[in-house]
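As structure tokens, the structure follows; a few thoughts come after it.
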Amino acid sequence: QDGVVVAEHARSFGRNETVYDPWHYVPVLARKPGALRNGAPFRDWALPPAMERIRRRLKAAHDGDRQMVSILATVLTDGIDAVEAACQEALDQNVCSAAVIINILARRRDPPPAVTILTPDALRLQHEPQADCARYDSLRRAS
């Protein structure tokens with residue numbers, strides 16, 4: 001488009017042969033997650049190892065297709081390497097959930113918390129408070 005390559009596809013010279021790029025169909029999966037199991041573009045789809053293990057484990061869940069579609073959709077924004085690493089981290093924690101993987105991605109994407117404001121010496125406590133449960137008990141007995 002305007003002299004810029006926007007996509008490249010392998011050409012198929014065989015007859016009656018269809019070549020799919022499953023990543024092109026990921027946005028459609030949001031409306032039809034069941035196509036992930038039965039859709040032609042997704043048959044024999046080779047995902048990275050951790051993502052494939054998550055996919056296999058999610059097949060047993062009642063909403064596993066929908067969860068997997070949520071994970072695949074994050075590839076479009078975060079990139080495949082980041083999603084693969086998040087899936088591996090979830091597997092290392094023995095957790096298999098789209099919510100957990102999306103949370104891992106969000107934590108990696110967010111900047112670290114800002115440095116807290118340092119307390120000026122004039123505002124520092126001279127005597128640090130101490131927890132004293134015996135004092136509370138004595139107040140309770142007095143009433």
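Chain labels follow the order of the structure tokens: the first chain is A, the next B, and so on; residue numbering restarts at 1 in every chain, and ligands are counted from 1 in their shown order.
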
Would you kindly return, as a PyMOL selection string, each protein, DNA or RNA residue with an atom no farther than 10 Å from any atom of Leu91 (chain A), considering only C-alpha atoms and excluding same-chain residues fewer than 6 positions away? chain A and resi 50-51+53-54+85+97+101

Only N, CA and C atoms, please: the residues just picked out, written as a PDB file, in the first residue's frame.
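Okay, this is what ended up in out15.pdb:
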```
ATOM      1  N   ALA A  50       4.898 -23.443  25.245  1.00  0.00           N
ATOM      2  CA  ALA A  50       4.114 -23.122  26.443  1.00  0.00           C
ATOM      3  C   ALA A  50       2.675 -22.787  26.074  1.00  0.00           C
ATOM      4  N   MET A  51       2.483 -22.078  24.972  1.00  0.00           N
ATOM      5  CA  MET A  51       1.120 -21.758  24.541  1.00  0.00           C
ATOM      6  C   MET A  51       0.369 -23.030  24.156  1.00  0.00           C
ATOM      7  N   ARG A  53       0.884 -26.022  25.431  1.00  0.00           N
ATOM      8  CA  ARG A  53       0.546 -26.727  26.671  1.00  0.00           C
ATOM      9  C   ARG A  53      -0.664 -26.079  27.339  1.00  0.00           C
ATOM     10  N   ILE A  54      -0.725 -24.757  27.332  1.00  0.00           N
ATOM     11  CA  ILE A  54      -1.891 -24.053  27.886  1.00  0.00           C
ATOM     12  C   ILE A  54      -3.127 -24.436  27.087  1.00  0.00           C
ATOM     13  N   ALA A  85       6.216 -16.170  27.075  1.00  0.00           N
ATOM     14  CA  ALA A  85       6.867 -16.068  28.389  1.00  0.00           C
ATOM     15  C   ALA A  85       5.838 -16.035  29.509  1.00  0.00           C
ATOM     16  N   SER A  97      -4.949 -20.324  33.326  1.00  0.00           N
ATOM     17  CA  SER A  97      -6.112 -19.453  33.223  1.00  0.00           C
ATOM     18  C   SER A  97      -5.760 -18.234  32.394  1.00  0.00           C
ATOM     19  N   ILE A 101      -2.744 -15.203  32.910  1.00  0.00           N
ATOM     20  CA  ILE A 101      -1.781 -14.886  31.857  1.00  0.00           C
ATOM     21  C   ILE A 101      -1.904 -13.422  31.438  1.00  0.00           C
TER      22      ILE A 101
END
```

Excluding Ile102 (chain A) and any residue of its chain fewer than 4 positions from it, enumerate the residues within 12 Å of it, using only C-alpha atoms, and give them as JSON, numbers by chain. {"A": [67, 68, 69, 70, 71, 72, 73, 74, 75, 77, 78, 82, 83, 84, 85, 86, 87, 89, 90, 96, 97, 98, 106, 107, 108, 109]}

Deliver the residues from the most recent selection as a file, using C-alpha atoms, as a PDB file, in the first residue's frame.
```
ATOM      1  CA  GLN A  67      -9.978 -18.399  27.468  1.00  0.00           C
ATOM      2  CA  MET A  68      -7.557 -19.512  24.765  1.00  0.00           C
ATOM      3  CA  VAL A  69      -8.974 -16.939  22.362  1.00  0.00           C
ATOM      4  CA  SER A  70      -8.360 -14.255  25.009  1.00  0.00           C
ATOM      5  CA  ILE A  71      -4.744 -15.401  25.283  1.00  0.00           C
ATOM      6  CA  LEU A  72      -4.283 -15.476  21.504  1.00  0.00           C
ATOM      7  CA  ALA A  73      -5.758 -11.967  21.205  1.00  0.00           C
ATOM      8  CA  THR A  74      -3.020 -10.622  23.476  1.00  0.00           C
ATOM      9  CA  VAL A  75      -0.432 -11.694  20.893  1.00  0.00           C
ATOM     10  CA  THR A  77      -0.889  -6.265  21.189  1.00  0.00           C
ATOM     11  CA  ASP A  78       1.942  -7.752  23.282  1.00  0.00           C
ATOM     12  CA  ALA A  82       5.800 -11.880  25.619  1.00  0.00           C
ATOM     13  CA  VAL A  83       2.710 -14.117  25.572  1.00  0.00           C
ATOM     14  CA  GLU A  84       4.857 -17.257  25.371  1.00  0.00           C
ATOM     15  CA  ALA A  85       6.867 -16.068  28.389  1.00  0.00           C
ATOM     16  CA  ALA A  86       3.663 -15.277  30.312  1.00  0.00           C
ATOM     17  CA  CYS A  87       2.268 -18.734  29.504  1.00  0.00           C
ATOM     18  CA  GLU A  89       5.341 -18.329  33.951  1.00  0.00           C
ATOM     19  CA  ALA A  90       1.746 -19.448  34.507  1.00  0.00           C
ATOM     20  CA  CYS A  96      -3.784 -22.398  33.689  1.00  0.00           C
ATOM     21  CA  SER A  97      -6.112 -19.453  33.223  1.00  0.00           C
ATOM     22  CA  ALA A  98      -6.461 -16.638  30.717  1.00  0.00           C
ATOM     23  CA  ALA A 106      -0.223  -6.390  32.293  1.00  0.00           C
ATOM     24  CA  ARG A 107       2.270  -6.436  35.168  1.00  0.00           C
ATOM     25  CA  ARG A 108       5.155  -6.667  32.722  1.00  0.00           C
ATOM     26  CA  ARG A 109       3.713  -3.881  30.598  1.00  0.00           C
TER      27      ARG A 109
END
```

Would you mind writing down, as number ranges by chain, each residue of region 32-132 of chain A that DSSP on the backbone assigns to alpha helix (DSSP H)? A: 35-38, 49-58, 64-78, 80-92, 98-109

Pick out the residues sitting within 9 Å of region 24-27 of chain A, and hand them over as a compact mmCIF listing (two decimals) with N, CA, C and O atoms, in the first residue's frame; count only C-alpha atoms, and ignore anything fewer than 2 positions along from it in its own chain.
```
# COMPACT_ATOMS: atom_id res chain seq x y z
N TYR A 20 -3.61 -21.26 4.93
CA TYR A 20 -4.16 -20.30 5.88
C TYR A 20 -3.05 -19.75 6.77
O TYR A 20 -2.10 -20.46 7.08
N ASP A 21 -3.20 -18.52 7.18
CA ASP A 21 -2.38 -17.97 8.25
C ASP A 21 -3.33 -17.77 9.42
O ASP A 21 -4.14 -16.83 9.44
N PRO A 22 -3.28 -18.65 10.43
CA PRO A 22 -4.25 -18.59 11.53
C PRO A 22 -4.29 -17.24 12.25
O PRO A 22 -5.34 -16.85 12.75
N LEU A 29 -12.16 -15.02 16.02
CA LEU A 29 -12.39 -15.98 17.10
C LEU A 29 -13.10 -15.35 18.29
O LEU A 29 -13.77 -16.04 19.05
N ALA A 30 -12.97 -14.04 18.47
CA ALA A 30 -13.64 -13.38 19.59
C ALA A 30 -15.15 -13.57 19.49
O ALA A 30 -15.83 -13.70 20.51
N ARG A 31 -15.67 -13.62 18.27
CA ARG A 31 -17.11 -13.83 18.08
C ARG A 31 -17.48 -15.30 18.02
O ARG A 31 -18.58 -15.68 18.40
N LEU A 36 -11.95 -22.32 17.08
CA LEU A 36 -10.58 -22.68 17.43
C LEU A 36 -10.38 -24.19 17.36
O LEU A 36 -9.32 -24.67 16.97
N PRO A 41 -8.55 -22.92 9.49
CA PRO A 41 -7.25 -22.25 9.68
C PRO A 41 -6.49 -22.72 10.92
O PRO A 41 -5.29 -22.53 11.02
N PHE A 42 -7.19 -23.35 11.87
CA PHE A 42 -6.57 -23.70 13.15
C PHE A 42 -6.19 -25.17 13.26
O PHE A 42 -5.63 -25.58 14.26
N VAL A 69 -8.81 -18.05 23.30
CA VAL A 69 -8.97 -16.94 22.36
C VAL A 69 -8.51 -15.64 23.01
O VAL A 69 -7.85 -14.81 22.37
N LEU A 72 -4.76 -15.71 22.87
CA LEU A 72 -4.28 -15.48 21.50
C LEU A 72 -4.45 -14.01 21.09
O LEU A 72 -3.61 -13.46 20.38
N ALA A 73 -5.51 -13.37 21.55
CA ALA A 73 -5.76 -11.97 21.20
C ALA A 73 -4.67 -11.06 21.77
O ALA A 73 -4.36 -10.02 21.18
N LEU A 76 -1.63 -10.06 19.54
CA LEU A 76 -1.74 -8.95 18.60
C LEU A 76 -1.24 -7.64 19.21
O LEU A 76 -0.81 -6.74 18.49
```

When distances are computed from only C-alpha atoms, which of A:Ala114, A:Val4, A:Leu125, A:Ile80 shows the smallest separation from Pro48 (chain A)?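 That would be A:Ile80, the residue with the smallest distance to Pro48 (chain A).
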